[in-house]
$ cat entry-v8.cif   # mmCIF, N, CA and C atoms
data_data
loop_
_atom_site.label_atom_id
_atom_site.label_comp_id
_atom_site.auth_asym_id
_atom_site.auth_seq_id
_atom_site.Cartn_x
_atom_site.Cartn_y
_atom_site.Cartn_z
N MET A 1 0.86 -1.17 0.00
CA MET A 1 0.00 0.00 0.00
C MET A 1 0.90 1.22 0.00
N ASP A 2 0.56 2.18 -0.83
CA ASP A 2 1.35 3.40 -0.90
C ASP A 2 0.45 4.59 -1.21
N TRP A 3 1.05 5.76 -1.21
CA TRP A 3 0.30 6.97 -1.53
C TRP A 3 1.19 7.91 -2.32
N SER A 4 0.52 8.81 -3.05
CA SER A 4 1.24 9.86 -3.76
C SER A 4 0.41 11.13 -3.68
N LEU A 5 1.05 12.24 -4.00
CA LEU A 5 0.40 13.55 -3.88
C LEU A 5 0.33 14.19 -5.25
N GLY A 6 -0.79 14.82 -5.54
CA GLY A 6 -0.96 15.53 -6.80
C GLY A 6 -1.99 16.62 -6.63
N HIS A 7 -2.23 17.38 -7.67
CA HIS A 7 -3.24 18.42 -7.59
C HIS A 7 -4.12 18.38 -8.83
N LYS A 8 -5.35 18.80 -8.64
CA LYS A 8 -6.29 18.87 -9.75
C LYS A 8 -7.36 19.88 -9.38
N PRO A 9 -8.04 20.41 -10.37
CA PRO A 9 -9.08 21.40 -10.08
C PRO A 9 -10.22 20.79 -9.27
N ALA A 10 -10.53 21.41 -8.16
CA ALA A 10 -11.67 20.97 -7.35
C ALA A 10 -12.96 21.48 -7.99
N ASN A 11 -12.88 22.68 -8.53
CA ASN A 11 -13.98 23.27 -9.31
C ASN A 11 -13.34 24.30 -10.25
N ALA A 12 -14.13 25.05 -10.94
CA ALA A 12 -13.59 26.00 -11.93
C ALA A 12 -12.72 27.08 -11.30
N ALA A 13 -12.97 27.43 -10.06
CA ALA A 13 -12.27 28.55 -9.45
C ALA A 13 -11.08 28.13 -8.58
N LYS A 14 -10.98 26.86 -8.20
CA LYS A 14 -10.01 26.46 -7.18
C LYS A 14 -9.35 25.12 -7.54
N THR A 15 -8.05 25.01 -7.28
CA THR A 15 -7.33 23.76 -7.46
C THR A 15 -6.82 23.32 -6.08
N SER A 16 -7.01 22.05 -5.78
CA SER A 16 -6.62 21.53 -4.47
C SER A 16 -5.64 20.37 -4.62
N TRP A 17 -4.89 20.12 -3.54
CA TRP A 17 -4.01 18.97 -3.48
C TRP A 17 -4.84 17.74 -3.13
N TYR A 18 -4.52 16.62 -3.77
CA TYR A 18 -5.20 15.35 -3.52
C TYR A 18 -4.17 14.27 -3.20
N ALA A 19 -4.57 13.35 -2.34
CA ALA A 19 -3.74 12.17 -2.06
C ALA A 19 -4.33 11.01 -2.85
N ARG A 20 -3.45 10.29 -3.55
CA ARG A 20 -3.88 9.07 -4.24
C ARG A 20 -3.30 7.91 -3.45
N MET A 21 -4.19 7.04 -2.96
CA MET A 21 -3.77 5.93 -2.11
C MET A 21 -4.11 4.61 -2.79
N TYR A 22 -3.16 3.71 -2.80
CA TYR A 22 -3.35 2.41 -3.43
C TYR A 22 -3.79 1.39 -2.40
N TRP A 23 -4.89 0.73 -2.70
CA TRP A 23 -5.45 -0.30 -1.84
C TRP A 23 -5.10 -1.64 -2.48
N ALA A 24 -4.04 -2.27 -1.99
CA ALA A 24 -3.46 -3.46 -2.61
C ALA A 24 -4.43 -4.64 -2.66
N SER A 25 -5.15 -4.91 -1.58
CA SER A 25 -6.02 -6.09 -1.55
C SER A 25 -7.16 -5.99 -2.55
N ALA A 26 -7.56 -4.78 -2.91
CA ALA A 26 -8.62 -4.60 -3.91
C ALA A 26 -8.05 -4.20 -5.26
N ARG A 27 -6.72 -3.98 -5.30
CA ARG A 27 -6.05 -3.52 -6.52
C ARG A 27 -6.77 -2.30 -7.09
N ASP A 28 -6.91 -1.32 -6.24
CA ASP A 28 -7.69 -0.13 -6.59
C ASP A 28 -7.06 1.10 -5.96
N TYR A 29 -7.33 2.25 -6.55
CA TYR A 29 -6.85 3.52 -6.03
C TYR A 29 -8.01 4.30 -5.42
N SER A 30 -7.69 5.10 -4.44
CA SER A 30 -8.66 5.99 -3.83
C SER A 30 -8.07 7.40 -3.84
N PHE A 31 -8.87 8.38 -4.19
CA PHE A 31 -8.44 9.77 -4.21
C PHE A 31 -9.18 10.52 -3.11
N LYS A 32 -8.44 11.24 -2.30
CA LYS A 32 -9.03 12.04 -1.22
C LYS A 32 -8.42 13.43 -1.25
N SER A 33 -9.26 14.42 -1.09
CA SER A 33 -8.78 15.80 -1.04
C SER A 33 -8.10 16.05 0.29
N THR A 34 -6.97 16.74 0.24
CA THR A 34 -6.28 17.12 1.48
C THR A 34 -6.89 18.41 2.03
N LYS A 35 -7.74 19.04 1.25
CA LYS A 35 -8.39 20.32 1.58
C LYS A 35 -7.37 21.45 1.72
N VAL A 36 -6.22 21.26 1.05
CA VAL A 36 -5.19 22.30 1.00
C VAL A 36 -5.21 22.87 -0.42
N GLU A 37 -5.38 24.18 -0.52
CA GLU A 37 -5.44 24.81 -1.84
C GLU A 37 -4.07 24.77 -2.50
N TYR A 38 -4.05 24.45 -3.78
CA TYR A 38 -2.79 24.38 -4.52
C TYR A 38 -2.25 25.78 -4.79
N GLU A 39 -0.98 25.96 -4.47
CA GLU A 39 -0.27 27.20 -4.78
C GLU A 39 1.11 26.83 -5.26
N GLN A 40 1.71 27.65 -6.12
CA GLN A 40 3.08 27.42 -6.56
C GLN A 40 4.01 27.50 -5.35
N GLY A 41 5.00 26.64 -5.29
CA GLY A 41 5.96 26.70 -4.19
C GLY A 41 5.85 25.50 -3.27
N LYS A 42 6.83 25.37 -2.43
CA LYS A 42 6.93 24.21 -1.55
C LYS A 42 6.06 24.30 -0.30
N ALA A 43 5.68 25.50 0.12
CA ALA A 43 4.93 25.64 1.38
C ALA A 43 3.59 24.91 1.29
N SER A 44 2.85 25.13 0.22
CA SER A 44 1.55 24.48 0.09
C SER A 44 1.72 22.97 -0.10
N GLU A 45 2.79 22.58 -0.78
CA GLU A 45 3.05 21.14 -0.97
C GLU A 45 3.37 20.46 0.36
N ARG A 46 4.13 21.12 1.22
CA ARG A 46 4.44 20.55 2.53
C ARG A 46 3.17 20.38 3.38
N LEU A 47 2.31 21.40 3.38
CA LEU A 47 1.04 21.30 4.12
C LEU A 47 0.20 20.14 3.59
N ALA A 48 0.14 20.04 2.27
CA ALA A 48 -0.64 18.97 1.64
C ALA A 48 -0.04 17.60 1.96
N SER A 49 1.28 17.51 1.99
CA SER A 49 1.95 16.25 2.29
C SER A 49 1.63 15.80 3.72
N ARG A 50 1.63 16.73 4.66
CA ARG A 50 1.25 16.39 6.05
C ARG A 50 -0.18 15.89 6.12
N ALA A 51 -1.07 16.60 5.43
CA ALA A 51 -2.48 16.20 5.42
C ALA A 51 -2.64 14.83 4.75
N ALA A 52 -1.89 14.58 3.68
CA ALA A 52 -1.98 13.30 2.97
C ALA A 52 -1.50 12.16 3.85
N ARG A 53 -0.46 12.39 4.64
CA ARG A 53 0.03 11.34 5.55
C ARG A 53 -1.05 10.96 6.56
N LYS A 54 -1.77 11.97 7.07
CA LYS A 54 -2.86 11.69 8.02
C LYS A 54 -3.96 10.87 7.34
N LEU A 55 -4.31 11.27 6.11
CA LEU A 55 -5.34 10.53 5.37
C LEU A 55 -4.89 9.09 5.13
N PHE A 56 -3.62 8.94 4.76
CA PHE A 56 -3.09 7.60 4.48
C PHE A 56 -3.07 6.74 5.73
N LYS A 57 -2.74 7.33 6.86
CA LYS A 57 -2.70 6.58 8.13
C LYS A 57 -4.08 6.00 8.43
N GLU A 58 -5.12 6.81 8.28
CA GLU A 58 -6.49 6.34 8.51
C GLU A 58 -6.89 5.28 7.47
N PHE A 59 -6.52 5.54 6.22
CA PHE A 59 -6.80 4.61 5.12
C PHE A 59 -6.16 3.24 5.42
N LYS A 60 -4.91 3.26 5.84
CA LYS A 60 -4.16 2.03 6.12
C LYS A 60 -4.74 1.31 7.34
N ARG A 61 -5.14 2.07 8.36
CA ARG A 61 -5.73 1.46 9.55
C ARG A 61 -6.98 0.67 9.19
N LYS A 62 -7.84 1.27 8.37
CA LYS A 62 -9.07 0.58 7.96
C LYS A 62 -8.74 -0.65 7.11
N SER A 63 -7.84 -0.48 6.17
CA SER A 63 -7.48 -1.58 5.29
C SER A 63 -6.87 -2.74 6.07
N ASP A 64 -5.98 -2.44 7.01
CA ASP A 64 -5.36 -3.47 7.84
C ASP A 64 -6.37 -4.21 8.70
N ALA A 65 -7.46 -3.52 9.05
CA ALA A 65 -8.52 -4.14 9.86
C ALA A 65 -9.49 -4.96 9.01
N GLY A 66 -9.24 -4.99 7.69
CA GLY A 66 -10.12 -5.75 6.80
C GLY A 66 -11.37 -5.00 6.38
N LEU A 67 -11.40 -3.70 6.65
CA LEU A 67 -12.55 -2.89 6.28
C LEU A 67 -12.30 -2.19 4.95
N ASN A 68 -13.36 -1.73 4.33
CA ASN A 68 -13.23 -0.97 3.10
C ASN A 68 -12.82 0.45 3.47
N PRO A 69 -11.60 0.86 3.10
CA PRO A 69 -11.15 2.19 3.50
C PRO A 69 -11.81 3.33 2.73
N LYS A 70 -12.57 2.99 1.69
CA LYS A 70 -13.19 4.03 0.87
C LYS A 70 -14.53 4.52 1.44
N ILE A 71 -15.06 3.80 2.41
CA ILE A 71 -16.36 4.17 2.95
C ILE A 71 -16.26 4.44 4.44
N GLU A 72 -17.22 5.16 4.97
CA GLU A 72 -17.32 5.34 6.42
C GLU A 72 -17.86 4.05 7.00
N ASN A 73 -17.17 3.52 7.98
CA ASN A 73 -17.60 2.27 8.59
C ASN A 73 -18.36 2.55 9.87
N LYS A 74 -19.43 1.79 10.06
CA LYS A 74 -20.24 1.90 11.27
C LYS A 74 -19.93 0.71 12.16
N ILE A 75 -20.30 0.81 13.40
CA ILE A 75 -20.08 -0.30 14.33
C ILE A 75 -20.79 -1.55 13.82
N SER A 76 -21.97 -1.39 13.24
CA SER A 76 -22.70 -2.55 12.73
C SER A 76 -21.93 -3.23 11.59
N ASP A 77 -21.20 -2.44 10.77
CA ASP A 77 -20.38 -3.02 9.69
C ASP A 77 -19.24 -3.85 10.27
N VAL A 78 -18.62 -3.32 11.31
CA VAL A 78 -17.52 -4.04 11.96
C VAL A 78 -18.05 -5.33 12.58
N ALA A 79 -19.21 -5.27 13.20
CA ALA A 79 -19.81 -6.46 13.82
C ALA A 79 -20.12 -7.52 12.77
N LYS A 80 -20.64 -7.10 11.62
CA LYS A 80 -20.94 -8.05 10.54
C LYS A 80 -19.66 -8.72 10.03
N GLU A 81 -18.62 -7.93 9.85
CA GLU A 81 -17.34 -8.48 9.39
C GLU A 81 -16.78 -9.46 10.41
N TYR A 82 -16.89 -9.13 11.69
CA TYR A 82 -16.40 -10.01 12.75
C TYR A 82 -17.20 -11.31 12.77
N PHE A 83 -18.51 -11.22 12.62
CA PHE A 83 -19.35 -12.42 12.61
C PHE A 83 -19.00 -13.29 11.41
N LYS A 84 -18.72 -12.67 10.26
CA LYS A 84 -18.30 -13.41 9.08
C LYS A 84 -16.98 -14.15 9.35
N HIS A 85 -16.06 -13.45 10.01
CA HIS A 85 -14.77 -14.04 10.37
C HIS A 85 -14.95 -15.24 11.30
N ILE A 86 -15.79 -15.07 12.32
CA ILE A 86 -16.05 -16.16 13.27
C ILE A 86 -16.70 -17.34 12.55
N SER A 87 -17.62 -17.08 11.64
CA SER A 87 -18.28 -18.15 10.89
C SER A 87 -17.26 -18.96 10.08
N ASN A 88 -16.29 -18.26 9.49
CA ASN A 88 -15.24 -18.97 8.74
C ASN A 88 -14.39 -19.85 9.66
N LEU A 89 -14.05 -19.32 10.83
CA LEU A 89 -13.29 -20.12 11.79
C LEU A 89 -14.09 -21.35 12.23
N ALA A 90 -15.39 -21.16 12.43
CA ALA A 90 -16.25 -22.26 12.84
C ALA A 90 -16.29 -23.35 11.76
N LYS A 91 -16.38 -22.95 10.51
CA LYS A 91 -16.40 -23.93 9.41
C LYS A 91 -15.09 -24.71 9.37
N LYS A 92 -13.98 -24.01 9.60
CA LYS A 92 -12.67 -24.69 9.62
C LYS A 92 -12.60 -25.69 10.77
N ASN A 93 -13.12 -25.28 11.95
CA ASN A 93 -13.14 -26.19 13.09
C ASN A 93 -14.02 -27.41 12.80
N ASP A 94 -15.21 -27.17 12.23
CA ASP A 94 -16.12 -28.27 11.91
C ASP A 94 -15.47 -29.26 10.93
N SER A 95 -14.76 -28.71 9.96
CA SER A 95 -14.08 -29.55 8.97
C SER A 95 -13.00 -30.41 9.64
N ARG A 96 -12.27 -29.82 10.57
CA ARG A 96 -11.22 -30.57 11.27
C ARG A 96 -11.84 -31.69 12.12
N ILE A 97 -12.94 -31.37 12.79
CA ILE A 97 -13.60 -32.37 13.65
C ILE A 97 -14.10 -33.54 12.80
N LYS A 98 -14.66 -33.26 11.61
CA LYS A 98 -15.14 -34.32 10.72
C LYS A 98 -14.00 -35.23 10.28
N ARG A 99 -12.80 -34.68 10.19
CA ARG A 99 -11.64 -35.48 9.78
C ARG A 99 -10.95 -36.15 10.98
N GLY A 100 -11.54 -36.01 12.16
CA GLY A 100 -10.99 -36.64 13.35
C GLY A 100 -9.86 -35.85 14.00
N LEU A 101 -9.74 -34.59 13.66
CA LEU A 101 -8.70 -33.73 14.23
C LEU A 101 -9.30 -32.82 15.29
N ASN A 102 -8.46 -32.28 16.13
CA ASN A 102 -8.92 -31.33 17.16
C ASN A 102 -9.18 -29.97 16.52
N PRO A 103 -10.20 -29.24 17.03
CA PRO A 103 -10.44 -27.89 16.53
C PRO A 103 -9.30 -26.96 16.94
N LEU A 104 -9.03 -25.94 16.14
CA LEU A 104 -7.92 -25.02 16.41
C LEU A 104 -8.37 -23.69 17.00
N TYR A 105 -9.53 -23.21 16.61
CA TYR A 105 -9.91 -21.83 16.90
C TYR A 105 -10.83 -21.76 18.12
N GLU A 106 -10.29 -21.18 19.20
CA GLU A 106 -11.04 -21.05 20.45
C GLU A 106 -11.86 -19.77 20.46
N VAL A 107 -12.94 -19.79 21.24
CA VAL A 107 -13.76 -18.61 21.42
C VAL A 107 -12.98 -17.60 22.26
N ASP A 108 -12.82 -16.39 21.75
CA ASP A 108 -12.09 -15.34 22.47
C ASP A 108 -12.87 -14.94 23.72
N GLY A 109 -12.23 -15.07 24.86
CA GLY A 109 -12.86 -14.66 26.12
C GLY A 109 -14.03 -15.53 26.52
N GLY A 110 -14.16 -16.69 25.92
CA GLY A 110 -15.27 -17.58 26.24
C GLY A 110 -14.79 -18.98 26.52
N LYS A 111 -15.69 -19.93 26.40
CA LYS A 111 -15.34 -21.32 26.66
C LYS A 111 -15.50 -22.13 25.38
N GLY A 112 -14.58 -23.01 25.14
CA GLY A 112 -14.72 -23.93 24.02
C GLY A 112 -14.21 -23.35 22.70
N TYR A 113 -14.64 -24.00 21.64
CA TYR A 113 -14.19 -23.66 20.30
C TYR A 113 -15.35 -23.16 19.45
N PHE A 114 -15.00 -22.39 18.42
CA PHE A 114 -16.03 -21.92 17.49
C PHE A 114 -16.60 -23.12 16.74
N SER A 115 -17.92 -23.12 16.55
CA SER A 115 -18.58 -24.16 15.76
C SER A 115 -19.74 -23.52 15.02
N SER A 116 -20.17 -24.16 13.94
CA SER A 116 -21.30 -23.63 13.17
C SER A 116 -22.56 -23.58 14.03
N GLU A 117 -22.70 -24.57 14.92
CA GLU A 117 -23.86 -24.61 15.81
C GLU A 117 -23.90 -23.38 16.72
N LYS A 118 -22.74 -23.02 17.30
CA LYS A 118 -22.67 -21.84 18.17
C LYS A 118 -22.95 -20.56 17.38
N CYS A 119 -22.48 -20.52 16.14
CA CYS A 119 -22.73 -19.34 15.30
C CYS A 119 -24.21 -19.18 15.00
N GLU A 120 -24.86 -20.30 14.71
CA GLU A 120 -26.30 -20.27 14.43
C GLU A 120 -27.08 -19.84 15.67
N GLN A 121 -26.66 -20.32 16.84
CA GLN A 121 -27.32 -19.92 18.09
C GLN A 121 -27.15 -18.42 18.33
N ALA A 122 -25.94 -17.92 18.07
CA ALA A 122 -25.68 -16.49 18.27
C ALA A 122 -26.52 -15.65 17.31
N ALA A 123 -26.62 -16.09 16.06
CA ALA A 123 -27.43 -15.36 15.07
C ALA A 123 -28.90 -15.38 15.46
N ALA A 124 -29.38 -16.52 15.97
CA ALA A 124 -30.78 -16.64 16.39
C ALA A 124 -31.07 -15.74 17.58
N SER A 125 -30.16 -15.69 18.56
CA SER A 125 -30.40 -14.86 19.74
C SER A 125 -30.33 -13.37 19.37
N LYS A 126 -29.47 -13.03 18.40
CA LYS A 126 -29.40 -11.65 17.94
C LYS A 126 -30.71 -11.26 17.26
N ALA A 127 -31.24 -12.16 16.41
CA ALA A 127 -32.50 -11.89 15.72
C ALA A 127 -33.64 -11.76 16.72
N LEU A 128 -33.64 -12.62 17.74
CA LEU A 128 -34.67 -12.57 18.77
C LEU A 128 -34.61 -11.23 19.52
N ALA A 129 -33.42 -10.81 19.90
CA ALA A 129 -33.26 -9.54 20.61
C ALA A 129 -33.73 -8.37 19.74
N LYS A 130 -33.43 -8.43 18.45
CA LYS A 130 -33.84 -7.36 17.54
C LYS A 130 -35.37 -7.31 17.43
N ASN A 131 -36.01 -8.49 17.34
CA ASN A 131 -37.47 -8.54 17.25
C ASN A 131 -38.13 -8.07 18.54
N LYS A 132 -37.52 -8.41 19.70
CA LYS A 132 -38.06 -7.95 20.98
C LYS A 132 -38.00 -6.42 21.06
N MET A 133 -36.92 -5.84 20.56
CA MET A 133 -36.77 -4.38 20.57
C MET A 133 -37.83 -3.74 19.69
N LYS A 134 -38.08 -4.31 18.51
CA LYS A 134 -39.11 -3.77 17.61
C LYS A 134 -40.48 -3.83 18.28
N LEU A 135 -40.78 -4.97 18.91
CA LEU A 135 -42.04 -5.15 19.59
C LEU A 135 -42.18 -4.13 20.74
N TYR A 136 -41.12 -3.91 21.50
CA TYR A 136 -41.11 -2.94 22.58
C TYR A 136 -41.43 -1.55 22.05
N VAL A 137 -40.81 -1.18 20.96
CA VAL A 137 -41.06 0.15 20.37
C VAL A 137 -42.50 0.27 19.91
N ILE A 138 -43.02 -0.76 19.26
CA ILE A 138 -44.41 -0.72 18.77
C ILE A 138 -45.39 -0.61 19.92
N LEU A 139 -45.18 -1.40 20.99
CA LEU A 139 -46.10 -1.40 22.13
C LEU A 139 -46.04 -0.11 22.94
N ASN A 140 -44.93 0.58 22.91
CA ASN A 140 -44.77 1.77 23.72
C ASN A 140 -44.95 3.07 22.94
N ILE A 141 -45.50 3.00 21.76
CA ILE A 141 -45.73 4.23 20.99
C ILE A 141 -47.04 4.85 21.40
#
$ encode --input "entry-v8.cif" --output "structure tokens"
Amino acid sequence: MDWSLGHKPANAAKTSWYARMYWASARDYSFKSTKVEYEQGKASERLASRAARKLFKEFKRKSDAGLNPKIENKISDVAKEYFKHISNLAKKNDSRIKRGLNPLYEVDGGKGYFSSEKCEQAAASKALAKNKMKLYVILNI
């Protein structure tokens, strides 16, 4: 993953510095404005470079976490990604058990190992809690 700095017209009246960041896992580029107006000389380029480094740091943090760095992530998005990750670990454990091997992936901060059965139970209890909340809101309106 890398970044570069360039400038382009933001609109007809103003040109701004932009950071171009490469997202290796998606083989894609992302362009973000540094919000620094382009001016001839090194002063504006230095300001833009500092701003671009900050943008890149955030971009890299999201990418390293397995999130899409091009979008704003919500807690619910992170939870969905984590549940997907746990489901994959559970499938790997189930596969190992079927082959007569011990499971590898333990539940973080819990007891036992991830399994598809536990994932289904967690999804069911989450759905039940969501439905109870909807019912509560409807009854209390």
$ resolve_selection --input "entry-v8.cif" --expression "the PyMOL selection byres (((chain A and resi 17 and name CA) around 12) and name CA)" --output "ChimeraX atom specification"
/A:4-10,14-16,18-20,31-40,44-52
$ select_by_dssp --input "entry-v8.cif" --residues "stretch 19-124 of chain A" --states "alpha helix (DSSP H)" --output "VMD selection string"
chain A and resid 42 to 64 75 to 98 116 to 124
$ residues_around --input "entry-v8.cif" --residues "A:Cys119" --least-positions-apart "4" --cutoff "8 Å" --atoms "all atoms listed in the file" --output "list of chain:residue names"
A:Ile86, A:Ser87, A:Ala90, A:Phe114, A:Ser115, A:Ala123, A:Ala124, A:Ser125
$ atom_distance --input "entry-v8.cif" --atom1 "atom CA of A:Glu58" --atom2 "atom N of A:Tyr82"
18.9 Å
$ resolve_selection --input "entry-v8.cif" --expression "the PyMOL selection byres ((chain A and resi 89) around 8)" --output "list in words"
Phe83, Lys84, His85, Ile86, Ser87, Asn88, Ala90, Lys91, Lys92, Asn93, Asp94, Ser95, Leu104, Tyr105, Glu106, Tyr113, Phe114, Ser115 and Ser116 of chain A
